[in-house]
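> You'll find model16.tsv just under this line, and it carries TSV, C-alpha atoms.
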chain	number	residue	atom	x	y	z
Q	1	MET	CA	0.00	0.00	0.00
Q	2	PRO	CA	1.39	3.45	-0.91
Q	3	LYS	CA	2.63	5.51	2.04
Q	4	HIS	CA	1.55	8.82	0.52
Q	5	VAL	CA	-1.57	9.82	-1.35
Q	6	ILE	CA	-1.87	12.49	-4.00
Q	7	ASP	CA	-4.39	15.32	-3.78
Q	8	PRO	CA	-3.88	18.06	-6.37
Q	9	ASN	CA	-6.66	20.18	-4.84
Q	10	GLN	CA	-4.26	21.11	-2.04
Q	11	TRP	CA	-1.12	21.68	-4.10
Q	12	ILE	CA	-1.45	25.44	-4.53
Q	13	ASN	CA	-2.07	26.04	-0.83
Q	14	LEU	CA	0.56	23.65	0.43
Q	15	TYR	CA	3.43	23.88	-2.02
Q	16	SER	CA	3.30	27.15	-4.02
Q	17	ASP	CA	5.51	29.09	-1.64
Q	18	TYR	CA	7.93	26.24	-1.16
Q	19	LEU	CA	8.33	25.59	-4.88
Q	20	PHE	CA	8.56	29.30	-5.70
Q	21	ASN	CA	11.19	29.91	-3.04
Q	22	TYR	CA	13.13	26.84	-4.18
Q	23	THR	CA	13.03	28.10	-7.77
Q	24	ILE	CA	13.80	31.76	-7.25
Q	25	SER	CA	16.89	30.96	-5.25
Q	26	ARG	CA	18.12	28.98	-8.24
Q	27	VAL	CA	17.07	31.09	-11.22
Q	28	ASN	CA	17.09	34.63	-9.75
Q	29	ASP	CA	14.18	35.84	-11.83
Q	30	ARG	CA	10.63	36.24	-10.51
Q	31	GLU	CA	8.84	35.83	-13.81
Q	32	ILE	CA	10.81	32.74	-14.81
Q	33	ALA	CA	10.33	31.27	-11.34
Q	34	LYS	CA	6.57	31.81	-11.59
Q	35	ASP	CA	6.47	30.10	-14.99
Q	36	LEU	CA	8.55	27.16	-13.78
Q	37	VAL	CA	6.32	26.64	-10.75
Q	38	GLN	CA	3.23	26.77	-12.92
Q	39	ASP	CA	4.78	24.32	-15.42
Q	40	THR	CA	5.64	22.01	-12.53
Q	41	PHE	CA	2.07	21.93	-11.25
Q	42	MET	CA	0.73	21.33	-14.75
Q	43	ALA	CA	3.27	18.57	-15.40
Q	44	GLY	CA	2.38	17.08	-12.02
Q	45	LEU	CA	-1.28	16.96	-12.98
Q	46	LYS	CA	-0.50	15.25	-16.26
Q	47	SER	CA	1.72	12.62	-14.69
Q	48	MET	CA	-0.33	11.99	-11.54
Q	49	LYS	CA	-0.79	8.37	-12.55
Q	50	ASN	CA	2.98	7.88	-12.20
Q	51	PHE	CA	2.90	8.87	-8.53
Q	52	LYS	CA	3.65	5.67	-6.65
Q	53	GLY	CA	3.33	7.07	-3.15
Q	54	ASP	CA	6.86	6.11	-2.09
Q	55	ALA	CA	7.85	9.74	-1.63
Q	56	SER	CA	5.78	12.63	-0.32
Q	57	GLU	CA	3.88	14.84	-2.76
Q	58	ARG	CA	6.31	17.67	-2.04
Q	59	THR	CA	9.36	15.56	-2.84
Q	60	TRP	CA	7.69	14.30	-5.98
Q	61	LEU	CA	6.82	17.84	-7.12
Q	62	ILE	CA	10.36	19.02	-6.34
Q	63	SER	CA	11.77	16.25	-8.51
Q	64	ILE	CA	9.61	17.51	-11.40
Q	65	LEU	CA	10.66	21.09	-10.66
Q	66	LYS	CA	14.35	20.14	-10.65
Q	67	ARG	CA	13.97	18.74	-14.15
Q	68	LYS	CA	12.19	21.95	-15.24
Q	69	ILE	CA	15.05	24.05	-13.83
Q	70	ILE	CA	17.64	21.87	-15.59
Q	71	ASP	CA	15.67	22.19	-18.85
Q	72	TYR	CA	15.56	25.96	-18.39
Q	73	TYR	CA	19.35	26.19	-17.98
Q	74	ARG	CA	19.91	23.78	-20.84
Q	75	LYS	CA	17.75	25.97	-23.03
Q	76	ILE	CA	19.53	29.22	-22.19
Q	77	ASN	CA	22.91	27.55	-22.56
Q	78	SER	CA	22.04	26.21	-26.00
Q	79	ASN	CA	20.97	29.75	-26.97
Q	80	LYS	CA	24.31	31.06	-25.76
Q	81	GLY	CA	26.09	28.44	-27.87
Q	82	LYS	CA	24.56	29.95	-30.95
Q	83	ALA	CA	26.24	33.29	-30.35
Q	84	GLU	CA	29.21	34.03	-32.54
Q	85	VAL	CA	32.53	34.03	-30.71
Q	86	ARG	CA	35.38	35.96	-32.19
Q	87	ILE	CA	38.83	36.00	-30.72
Q	88	ASN	CA	41.45	37.86	-32.63
Q	89	TYR	CA	44.99	38.13	-31.39
Q	90	SER	CA	46.75	39.84	-34.22
Q	91	ASP	CA	50.01	41.02	-32.69
Q	92	SER	CA	52.65	38.81	-31.24
Q	93	GLU	CA	52.71	40.72	-27.94
Q	94	SER	CA	49.24	39.58	-26.98
Q	95	GLU	CA	49.90	36.00	-27.98
Q	96	GLY	CA	49.24	33.73	-25.06
Q	97	ASP	CA	46.77	36.11	-23.45
Q	98	TRP	CA	44.01	33.62	-24.11
Q	99	LEU	CA	45.56	31.37	-21.51
Q	100	GLU	CA	45.01	34.00	-18.84
Q	101	GLU	CA	41.54	34.66	-20.07
Q	102	ARG	CA	40.69	31.00	-19.68
Q	103	VAL	CA	41.76	30.93	-16.07
Q	104	ALA	CA	38.74	31.26	-13.80
Q	105	ASP	CA	38.31	34.75	-12.43
Q	106	PRO	CA	38.80	34.44	-8.67
Q	107	PHE	CA	36.43	37.37	-8.12
Q	108	ASP	CA	33.67	35.79	-10.14
Q	109	LYS	CA	32.06	33.73	-7.44
Q	110	THR	CA	28.57	33.95	-8.81
Q	111	ALA	CA	27.92	30.22	-8.91
Q	112	GLU	CA	29.25	29.74	-5.40
Q	113	ASP	CA	27.26	32.70	-4.09
Q	114	ASN	CA	24.11	31.41	-5.76
Q	115	LEU	CA	24.58	28.02	-4.15
Q	116	GLU	CA	25.06	29.61	-0.75
Q	117	ASN	CA	22.02	31.84	-1.29
Q	118	SER	CA	19.86	28.89	-2.27
Q	119	GLU	CA	20.94	27.00	0.86
Q	120	LEU	CA	20.23	30.06	2.99
Q	121	GLY	CA	16.88	30.46	1.22
Q	122	ASP	CA	15.98	26.85	2.05
Q	123	ALA	CA	17.03	27.37	5.68
Q	124	ILE	CA	14.90	30.53	5.95
Q	125	TYR	CA	11.95	28.72	4.44
Q	126	ASN	CA	12.31	25.84	6.90
Q	127	CYS	CA	12.58	28.23	9.84
Q	128	LEU	CA	9.50	30.11	8.66
Q	129	GLY	CA	7.67	26.78	8.59
Q	130	LYS	CA	8.34	26.37	12.31
Q	131	LEU	CA	6.70	29.69	13.24
Q	132	PRO	CA	3.04	29.91	14.25
Q	133	GLU	CA	0.95	30.70	11.16
Q	134	LYS	CA	0.16	34.31	12.06
Q	135	GLN	CA	3.78	35.14	12.88
Q	136	ALA	CA	4.98	33.58	9.65
Q	137	GLN	CA	2.38	35.49	7.66
Q	138	VAL	CA	3.21	38.87	9.20
Q	139	PHE	CA	6.97	38.30	9.01
Q	140	LYS	CA	6.68	37.24	5.39
Q	141	MET	CA	4.58	40.26	4.43
Q	142	LYS	CA	6.78	42.73	6.26
Q	143	THR	CA	10.27	41.34	5.68
Q	144	ILE	CA	10.11	39.45	2.41
Q	145	LEU	CA	7.30	41.06	0.45
Q	146	ASN	CA	8.11	44.52	1.91
Q	147	TYR	CA	4.50	45.53	2.55
Q	148	GLU	CA	3.90	48.79	4.39
Q	149	THR	CA	2.96	48.45	8.07
Q	150	GLU	CA	-0.39	50.12	7.40
Q	151	ALA	CA	-1.20	47.78	4.51
Q	152	ILE	CA	-0.54	44.70	6.67
Q	153	CYS	CA	-2.62	46.11	9.53
Q	154	ASN	CA	-5.53	46.81	7.18
Q	155	GLU	CA	-5.33	43.43	5.50
Q	156	LEU	CA	-5.09	41.41	8.69
Q	157	GLY	CA	-7.21	43.65	10.89
Q	158	ILE	CA	-4.53	44.20	13.54
Q	159	THR	CA	-3.14	47.33	15.16
Q	160	ALA	CA	0.39	48.62	14.56
Q	161	SER	CA	1.43	47.68	18.09
Q	162	ASN	CA	0.07	44.15	17.54
Q	163	LEU	CA	2.11	43.98	14.38
Q	164	TRP	CA	5.35	44.97	16.12
Q	165	VAL	CA	4.77	42.45	18.90
Q	166	ILE	CA	4.27	39.72	16.29
Q	167	ILE	CA	7.33	40.91	14.35
Q	168	HIS	CA	9.41	40.89	17.53
Q	169	ARG	CA	8.42	37.30	18.34
Q	170	ALA	CA	8.95	36.18	14.78
Q	171	ARG	CA	12.37	37.83	14.51
Q	172	THR	CA	13.50	36.31	17.81
Q	173	ALA	CA	12.39	32.84	16.69
Q	174	MET	CA	13.91	33.24	13.21
Q	175	ALA	CA	17.22	34.43	14.66
Q	176	SER	CA	17.41	31.45	17.03
Q	177	CYS	CA	16.54	29.08	14.21
Q	178	LEU	CA	19.16	30.45	11.82
Q	179	GLU	CA	21.79	31.26	14.42
Q	180	ASP	CA	23.65	27.96	14.52
Q	181	ASN	CA	24.41	27.70	10.84
Q	182	TRP	CA	24.10	31.14	9.35
Q	183	PHE	CA	25.19	33.88	11.78
D	1	MET	CA	16.97	66.93	32.52
D	2	LYS	CA	14.60	64.17	33.55
D	3	LYS	CA	16.09	60.71	33.52
D	4	SER	CA	13.09	59.26	31.66
D	5	PHE	CA	13.72	61.72	28.85
D	6	LEU	CA	16.66	59.66	27.65
D	7	PHE	CA	16.16	56.40	29.47
D	8	ILE	CA	14.27	53.65	27.73
D	9	SER	CA	13.51	50.14	28.92
D	10	CYS	CA	15.02	47.06	27.38
D	11	GLU	CA	11.66	46.20	25.77
D	12	GLU	CA	11.41	49.64	24.23
D	13	ALA	CA	14.98	49.38	22.96
D	14	HIS	CA	14.17	46.05	21.31
D	15	HIS	CA	11.05	47.56	19.78
D	16	ILE	CA	13.06	50.46	18.32
D	17	CYS	CA	15.70	48.04	17.11
D	18	ASP	CA	13.00	46.00	15.31
D	19	LYS	CA	11.58	49.13	13.72
D	20	SER	CA	14.99	50.31	12.60
D	21	GLN	CA	15.51	47.01	10.72
D	22	TYR	CA	12.73	48.22	8.43
D	23	GLY	CA	13.88	51.86	8.39
D	24	GLU	CA	10.89	52.88	10.49
D	25	ALA	CA	12.60	54.20	13.62
D	26	SER	CA	12.71	57.99	13.96
D	27	LEU	CA	15.96	59.87	14.56
D	28	TRP	CA	14.99	60.52	18.16
D	29	GLU	CA	14.24	56.83	18.72
D	30	ARG	CA	17.60	55.88	17.23
D	31	ILE	CA	19.37	58.32	19.54
D	32	LYS	CA	17.64	56.80	22.55
D	33	LEU	CA	18.58	53.33	21.31
D	34	SER	CA	22.23	54.37	20.89
D	35	ILE	CA	22.33	55.63	24.47
D	36	ARG	CA	20.91	52.35	25.73
D	37	LEU	CA	23.35	50.42	23.55
D	38	SER	CA	26.30	52.20	25.17
D	39	TRP	CA	25.70	50.48	28.49
D	40	CYS	CA	23.19	47.63	28.12
D	41	THR	CA	24.75	44.31	27.09
D	42	VAL	CA	21.34	42.66	26.64
D	43	THR	CA	20.29	45.30	24.11
D	44	ARG	CA	23.67	45.02	22.41
D	45	ALA	CA	23.29	41.25	22.04
D	46	TYR	CA	19.73	41.63	20.76
D	47	THR	CA	20.76	44.28	18.24
D	48	LYS	CA	23.66	42.17	17.00
D	49	ARG	CA	21.39	39.19	16.39
D	50	ASN	CA	18.67	41.31	14.85
D	51	LYS	CA	21.10	42.91	12.41
D	52	ALA	CA	22.50	39.49	11.51
D	53	LEU	CA	18.96	38.34	10.70
D	54	THR	CA	18.40	41.40	8.50
D	55	ARG	CA	21.68	40.73	6.68
D	56	ALA	CA	20.79	37.07	6.17
D	57	MET	CA	17.34	37.97	4.83
D	58	LYS	CA	18.83	40.50	2.43
D	59	SER	CA	21.63	38.28	1.20
D	60	SER	CA	19.31	35.35	0.56
D	61	ASN	CA	17.11	35.46	-2.49
D	62	VAL	CA	14.18	34.24	-0.48
D	63	ASP	CA	10.94	35.39	-2.02
D	64	PHE	CA	7.29	34.43	-2.03
D	65	LEU	CA	4.37	34.81	-4.36
D	66	LYS	CA	2.27	37.89	-3.75
D	67	ASP	CA	-1.46	37.38	-3.14
D	68	ASP	CA	-2.46	38.40	-6.68
D	69	GLU	CA	0.21	36.14	-8.21
D	70	LEU	CA	-1.00	33.27	-6.09
D	71	ASP	CA	-4.60	33.92	-7.16
D	72	THR	CA	-3.59	33.85	-10.84
D	73	LEU	CA	-1.69	30.62	-10.35
D	74	ARG	CA	-4.61	29.11	-8.47
D	75	SER	CA	-7.20	30.01	-11.11
D	76	GLN	CA	-5.03	28.67	-13.96
D	77	PHE	CA	-4.36	25.49	-12.07
D	78	ASN	CA	-8.00	24.99	-11.11
D	79	GLN	CA	-9.00	25.43	-14.74
D	80	GLU	CA	-6.54	22.73	-15.74
D	81	LEU	CA	-7.75	20.52	-12.90
D	82	LYS	CA	-11.33	20.78	-14.18
D	83	ASN	CA	-10.19	19.72	-17.63
D	84	GLN	CA	-8.56	16.58	-16.27
Could I get this file's structure written as structure tokens?

Amino acid sequence: MPKHVIDPNQWINLYSDYLFNYTISRVNDREIAKDLVQDTFMAGLKSMKNFKGDASERTWLISILKRKIIDYYRKINSNKGKAEVRINYSDSESEGDWLEERVADPFDKTAEDNLENSELGDAIYNCLGKLPEKQAQVFKMKTILNYETEAICNELGITASNLWVIIHRARTAMASCLEDNWF
Amino acid sequence: MKKSFLFISCEEAHHICDKSQYGEASLWERIKLSIRLSWCTVTRAYTKRNKALTRAMKSSNVDFLKDDELDTLRSQFNQELKNQ
């Protein structure tokens, strides 16, 4: 008997944020991340019959998303390959410069930084998941989505002092959660 | 000068520190926080941690879907679900 059951009616509520956060920390573009998450859900729907129940729905959706992200990078890399590359070393003095140009730039740590950011992003997401729902919601709106205090208060029907109490508790909990590995 | 004019409690200092992480503390509040920071180790420790959290949040690319984006995603998905 399968250990996990599949219920696509709950996917948007349960996994949208997780998948979006997972994606954005790897592709660095909101619009592309949104498209990839949407594609993942659609692909999940189409291949529901392949879900065996060995892994959780979330793990299964992430495995689809990973393939979507790989396809995305493969696609942009193949587009890059089509660009014309011209290298012209005409004088003898610059001969051999190509060797230096091929050496990795020690200051170009983009890939490494991205990896670290995606790990930090995952850690933040996991810590947020441990907060009480209201705290997570307010912290998310204020800190990540950068909503104005007034807008949050209006939307959630709370006072500004309520908001700051919730923010204080959330920040304290988030700091303790992230402290061991990230501070 | 009254003592209370410059003196703030630890709780108030933490509150100002939280607000200043979002650029919402006034100049006067920041001055009062600085005074407290000069002698209160608890406030200093809290501020250090709070700033580290702000730095971590900024340096990560963590992001979430806004409500309207989530609604769009939900309606497109539900449409597809109906067609299944």
> To one decimal place in Å, what is the distance between atom CA of Leu178 of chain Q and atom CA of Gln135 of chain Q?
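Atom-to-atom, atom CA of Leu178 of chain Q to atom CA of Gln135 of chain Q, that is 16.1 Å.
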> Do you know which residues are at most 12 Å from Ser34 of chain D counting only C-alpha atoms, after dropping those on the same chain fewer than 4 positions away, and could you put them as a PDB file with C-alpha atoms, in the frame of the given file?

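Just written: part-v4.pdb:
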ATOM      1  CA  LEU D   6      16.660  59.660  27.650  1.00  0.00           C
ATOM      2  CA  PHE D   7      16.160  56.400  29.470  1.00  0.00           C
ATOM      3  CA  ILE D   8      14.270  53.650  27.730  1.00  0.00           C
ATOM      4  CA  ALA D  13      14.980  49.380  22.960  1.00  0.00           C
ATOM      5  CA  HIS D  14      14.170  46.050  21.310  1.00  0.00           C
ATOM      6  CA  ILE D  16      13.060  50.460  18.320  1.00  0.00           C
ATOM      7  CA  CYS D  17      15.700  48.040  17.110  1.00  0.00           C
ATOM      8  CA  SER D  20      14.990  50.310  12.600  1.00  0.00           C
ATOM      9  CA  LEU D  27      15.960  59.870  14.560  1.00  0.00           C
ATOM     10  CA  TRP D  28      14.990  60.520  18.160  1.00  0.00           C
ATOM     11  CA  GLU D  29      14.240  56.830  18.720  1.00  0.00           C
ATOM     12  CA  ARG D  30      17.600  55.880  17.230  1.00  0.00           C
ATOM     13  CA  SER D  38      26.300  52.200  25.170  1.00  0.00           C
ATOM     14  CA  TRP D  39      25.700  50.480  28.490  1.00  0.00           C
ATOM     15  CA  CYS D  40      23.190  47.630  28.120  1.00  0.00           C
ATOM     16  CA  THR D  43      20.290  45.300  24.110  1.00  0.00           C
ATOM     17  CA  ARG D  44      23.670  45.020  22.410  1.00  0.00           C
ATOM     18  CA  THR D  47      20.760  44.280  18.240  1.00  0.00           C
TER      19      THR D  47
END
> Output as an NGL selection string the set of chain Q residues within 9 Å of chain D, with distances taken over all atoms listed in the file.
:Q and (8-9 or 12-13 or 16-18 or 20-22 or 24-26 or 28 or 30 or 34 or 37-38 or 41-42 or 45-46 or 114 or 116-122 or 124-125 or 140-146 or 164-165 or 167-168 or 171-172 or 174-176 or 178-179 or 182-183)
> So how far away is atom CA of Leu131 of chain Q from atom CA of Asn154 of chain Q, in Å?
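For atom CA of Asn154 of chain Q relative to atom CA of Leu131 of chain Q, the distance reads 21.9 Å.
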> Could you please determine the separation between atom CA of Ser47 of chain Q and atom CA of Trp11 of chain Q in Å, to one decimal place?
14.2 Å
> I'd like the neighbourhood of segment 62-69 of chain Q as a VMD selection string, where a residue qualifies if any of its atoms comes within 8 Å (using all atoms listed in the file), though same-chain residues fewer than 4 positions away should be ignored.
chain Q and resid 19 23 27 36 to 37 39 to 40 43 to 44 58 73
> Just want the 12 Å neighbourhood of Glu155 of chain Q, counted on all atoms listed in the file, with same-chain residues fewer than 6 positions away dropped. Output as a list in words.
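In the requested format, the answer is Gln137, Val138, Met141, Tyr147, Glu148, Thr149 and Leu163 of chain Q; Asp67 of chain D.
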> Supply segment 5-19 of chain D as a CSV table (one decimal), in the coordinates of the input, with N, CA, C and O atoms built in where the input has gaps.

chain,number,residue,atom,x,y,z
D,5,PHE,N,13.6,61.1,30.1
D,5,PHE,CA,13.7,61.7,28.8
D,5,PHE,C,14.6,60.9,27.9
D,5,PHE,O,14.4,60.8,26.7
D,6,LEU,N,15.7,60.4,28.5
D,6,LEU,CA,16.7,59.7,27.6
D,6,LEU,C,16.6,58.2,27.9
D,6,LEU,O,17.1,57.4,27.1
D,7,PHE,N,16.1,57.8,29.1
D,7,PHE,CA,16.2,56.4,29.5
D,7,PHE,C,15.0,55.6,28.9
D,7,PHE,O,13.9,56.0,29.0
D,8,ILE,N,15.3,54.5,28.2
D,8,ILE,CA,14.3,53.6,27.7
D,8,ILE,C,14.5,52.3,28.3
D,8,ILE,O,15.6,51.9,28.6
D,9,SER,N,13.4,51.5,28.4
D,9,SER,CA,13.5,50.1,28.9
D,9,SER,C,14.1,49.2,27.9
D,9,SER,O,14.2,49.6,26.7
D,10,CYS,N,14.5,48.1,28.3
D,10,CYS,CA,15.0,47.1,27.4
D,10,CYS,C,14.0,46.7,26.3
D,10,CYS,O,14.3,46.6,25.1
D,11,GLU,N,12.7,46.6,26.7
D,11,GLU,CA,11.7,46.2,25.8
D,11,GLU,C,11.5,47.3,24.7
D,11,GLU,O,11.4,47.0,23.5
D,12,GLU,N,11.6,48.5,25.2
D,12,GLU,CA,11.4,49.6,24.2
D,12,GLU,C,12.6,49.7,23.3
D,12,GLU,O,12.4,49.9,22.1
D,13,ALA,N,13.8,49.4,23.8
D,13,ALA,CA,15.0,49.4,23.0
D,13,ALA,C,14.9,48.3,21.9
D,13,ALA,O,15.2,48.5,20.7
D,14,HIS,N,14.3,47.1,22.3
D,14,HIS,CA,14.2,46.0,21.3
D,14,HIS,C,13.2,46.4,20.2
D,14,HIS,O,13.3,46.1,19.1
D,15,HIS,N,12.1,47.1,20.7
D,15,HIS,CA,11.0,47.6,19.8
D,15,HIS,C,11.6,48.5,18.7
D,15,HIS,O,11.4,48.4,17.5
D,16,ILE,N,12.4,49.5,19.2
D,16,ILE,CA,13.1,50.5,18.3
D,16,ILE,C,14.0,49.7,17.4
D,16,ILE,O,14.1,50.0,16.2
D,17,CYS,N,14.7,48.8,17.9
D,17,CYS,CA,15.7,48.0,17.1
D,17,CYS,C,15.0,47.3,16.0
D,17,CYS,O,15.4,47.3,14.8
D,18,ASP,N,13.8,46.7,16.3
D,18,ASP,CA,13.0,46.0,15.3
D,18,ASP,C,12.6,47.0,14.2
D,18,ASP,O,12.7,46.7,13.0
D,19,LYS,N,12.1,48.1,14.7
D,19,LYS,CA,11.6,49.1,13.7
D,19,LYS,C,12.7,49.6,12.8
D,19,LYS,O,12.5,49.8,11.6
